[in-house]
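A.B. asks: Have a look at the structure that comes next, please.
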Amino acid sequence: MKPQEHVRVSLLPAGFLTLPEHFFCADQHDKNIKNLVPSMSFLLEHIPSHTRVVFDLGLRRDLSAYPDNIQPHLRTRQPIQTVPDVCDSLIHGGLDPADIDAVILSHMHYDHVGTPSRFTMAKFIVGYGSRHILQNGMNYHSAAHFEKDLLPSDRTIELPVQNILPQFTHPIEITTHFTNRLSSFSPGGQQEWKELHPFDNVIDLCDDGSFYIVDSPGHLLGHLNVLVRVSSDRWIYLAGDACHHSRILNGETGMAEWEENGRHNLKENGFQGGSVEVVLAHDAEWYQNNLISIFPGAVED
Ligand SMILES: [Zn+2]
């Protein structure tokens with residue numbers, strides 16, 4: 001690795017909402033216990049190419065701008081705070097949303113999609129199946145309402161289907177579509193999923209082994225994580241909603257999904273010889289312990 005091949009990670013506060021703890025923890029049986037938790041966004045600056053990526057957009061500043069059919073659900077998540085939102089947090093640190101080159105959305109739930117229209121120059125990178133969810137919705141619970149016109153179709157890159165089994169090879173048209181879109185963003189970049197131990201499917205976004213998009217199925221179709229190198233021996237893994245609560249990650253309580261794909265090994269075994277810090281989108285404790293990383297600050301390397 002060359003010294004410059006790393007990513008600067010800054011926390012972008014993007015709202016708070018109130019979630020019942022029993023949703024996340026198999027051992028929490030009291031349904032009245034709720035926590036005010038952040039919905040964190042992150043600015044990821046790839047140092048060699050000066051590329052600025054935002055991972056997740058948090059809560060929408062104007063709650064009334066969410067669709068009518070999601071309003072009853074929002075009332076169950078009060079109190080909700082939406083100021084500052086991700087755009088306020090960028091501006092606070094000296095950037096404008098229009099300065100952002102790409103937005104990666106972990107998934108399409110309302111508390112992660114913010115206000116995409118503010119990112120007027122960004123390409124939106126989403127997991128396979130996300131377009132289908134936005135167009136057709138899902139019917140399994142009250143938060144599962146989606147907006148057909150959430151993302152600009154001419155700037156949205158839906159990643160190709162993952163390498164689940166050898167016979168499920170990439171549909172040609174999707175791969176081509178993706179290659180064309182991202183080539184101007186990362187010339188010569190790796191545009192197809194590949195296996196990279198312990199992950200079944202990653203994309204090397206900047207083609208230098210410092211910034212990986214990681215396929216992370218389970219929470220919602222097309223769920224993505226990001227793994228970035230912050231120094232020669234340190235990585236940060238942004239886990240979105242792959243796992244909601246750090247107590248699960250620490251093995252104090254159970255959640256089967258997290259066992260997939262070898263991710264539980266990350267904390268113990270590291271990655272490519274470096275330590276890995278796993279950050280969950282709604283981890284209030286991590287937020288409080290990392291206020292210094294709020295943009296224009298950054299996670300220390
Ligand atoms: Zn969430």
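A note on labels: chains of the structure tokens are A, B, ... as shown, every chain counts residues from 1, and ligands are counted from 1 in their shown order.
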Could you give me, as a PyMOL selection string, every polymer residue with an atom at most 12 Å away from an atom of ligand 1, counting only C-alpha atoms and all ligand atoms?
C.D. replies: chain A and resi 14-19+23-24+37-41+56-59+77+105-114+143-144+219-220+223+239-245+280-283
A.B. asks: Need to verify the contact set: A:Ile100, 10 Å, only C-alpha atoms, exclusion of same-chain residues closer than 5 positions in sequence. Can you return it as number ranges by chain?
C.D. replies: A: 43-45, 51-54, 90, 95, 119-123
A.B. asks: For the atom pair atom CA of A:Leu224 and atom CA of A:Thr76, what is the interatomic distance in Å to one decimal place?
C.D. replies: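 Distance between the two atoms: 26.1 Å.
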A.B. asks: Pick out the closest residue to A:Leu150 from this set: A:Val126, A:Ile294, A:Met138, A:Val230. Count only C-alpha atoms.
C.D. replies: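 Among the listed residues, the smallest separation from A:Leu150 belongs to A:Val126.
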A.B. asks: Using only C-alpha atoms, which residues sit within 6 Å of A:Phe295 once same-chain residues fewer than 6 positions away are excluded, as a PyMOL selection string?
C.D. replies: chain A and resi 10-11+93
A.B. asks: At a cut-off of 12 Å, using only C-alpha atoms, what residues contact A:Ser231? Leave out same-chain residues fewer than 4 positions from it and give the result as a list of chain:residue names.
C.D. replies: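 Contacts, in chain order: A:Met1, A:Lys2, A:Pro3, A:Gln4, A:Glu5, A:His6, A:Val7, A:Arg8, A:Val9, A:His46, A:Ile47, A:Ser210, A:Phe211, A:Trp235, A:Ile236, A:Gly273, A:Gly274, A:Ser275, A:Val276, A:Val299, A:Glu300, A:Asp301.
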A.B. asks: Using only C-alpha atoms, find the one residue out of A:Pro217, A:Gly127, A:Gly137, A:Pro116 that sits nearest to A:Pro152.
C.D. replies: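 Nearest candidate to A:Pro152 out of A:Pro217, A:Gly127, A:Gly137, A:Pro116: A:Pro116.
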A.B. asks: How far is it from atom CA of A:Asp96 to atom CA of A:Arg155, in Å with one decimal?
C.D. replies: 18.2 Å
A.B. asks: Find the spatial neighbours of A:Tyr128, counting only C-alpha atoms, within a cut-off of 9 Å - ignore same-chain residues fewer than 6 positions away - and output them as a PDB file with C-alpha atoms, in the first residue's frame.
C.D. replies:
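Ended up saving to part_26.pdb:
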ATOM      1  CA  GLU A 158     -27.724  -0.103  -9.302  1.00  0.00           C
ATOM      2  CA  LEU A 159     -24.954  -2.596  -8.690  1.00  0.00           C
ATOM      3  CA  PRO A 160     -25.093  -5.883 -10.570  1.00  0.00           C
ATOM      4  CA  VAL A 161     -26.500  -9.004  -9.008  1.00  0.00           C
ATOM      5  CA  GLN A 162     -24.097 -10.628  -6.592  1.00  0.00           C
ATOM      6  CA  LEU A 221     -32.823  -6.561  -0.343  1.00  0.00           C
ATOM      7  CA  GLY A 222     -29.746  -4.862  -1.770  1.00  0.00           C
ATOM      8  CA  HIS A 223     -28.280  -3.885   1.600  1.00  0.00           C
TER       9      HIS A 223
END
A.B. asks: To one decimal place in Å, what is the distance between atom CA of A:Arg131 and atom CA of A:Asp99?
C.D. replies: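 Separation of atom CA of A:Arg131 and atom CA of A:Asp99: 24.8 Å.
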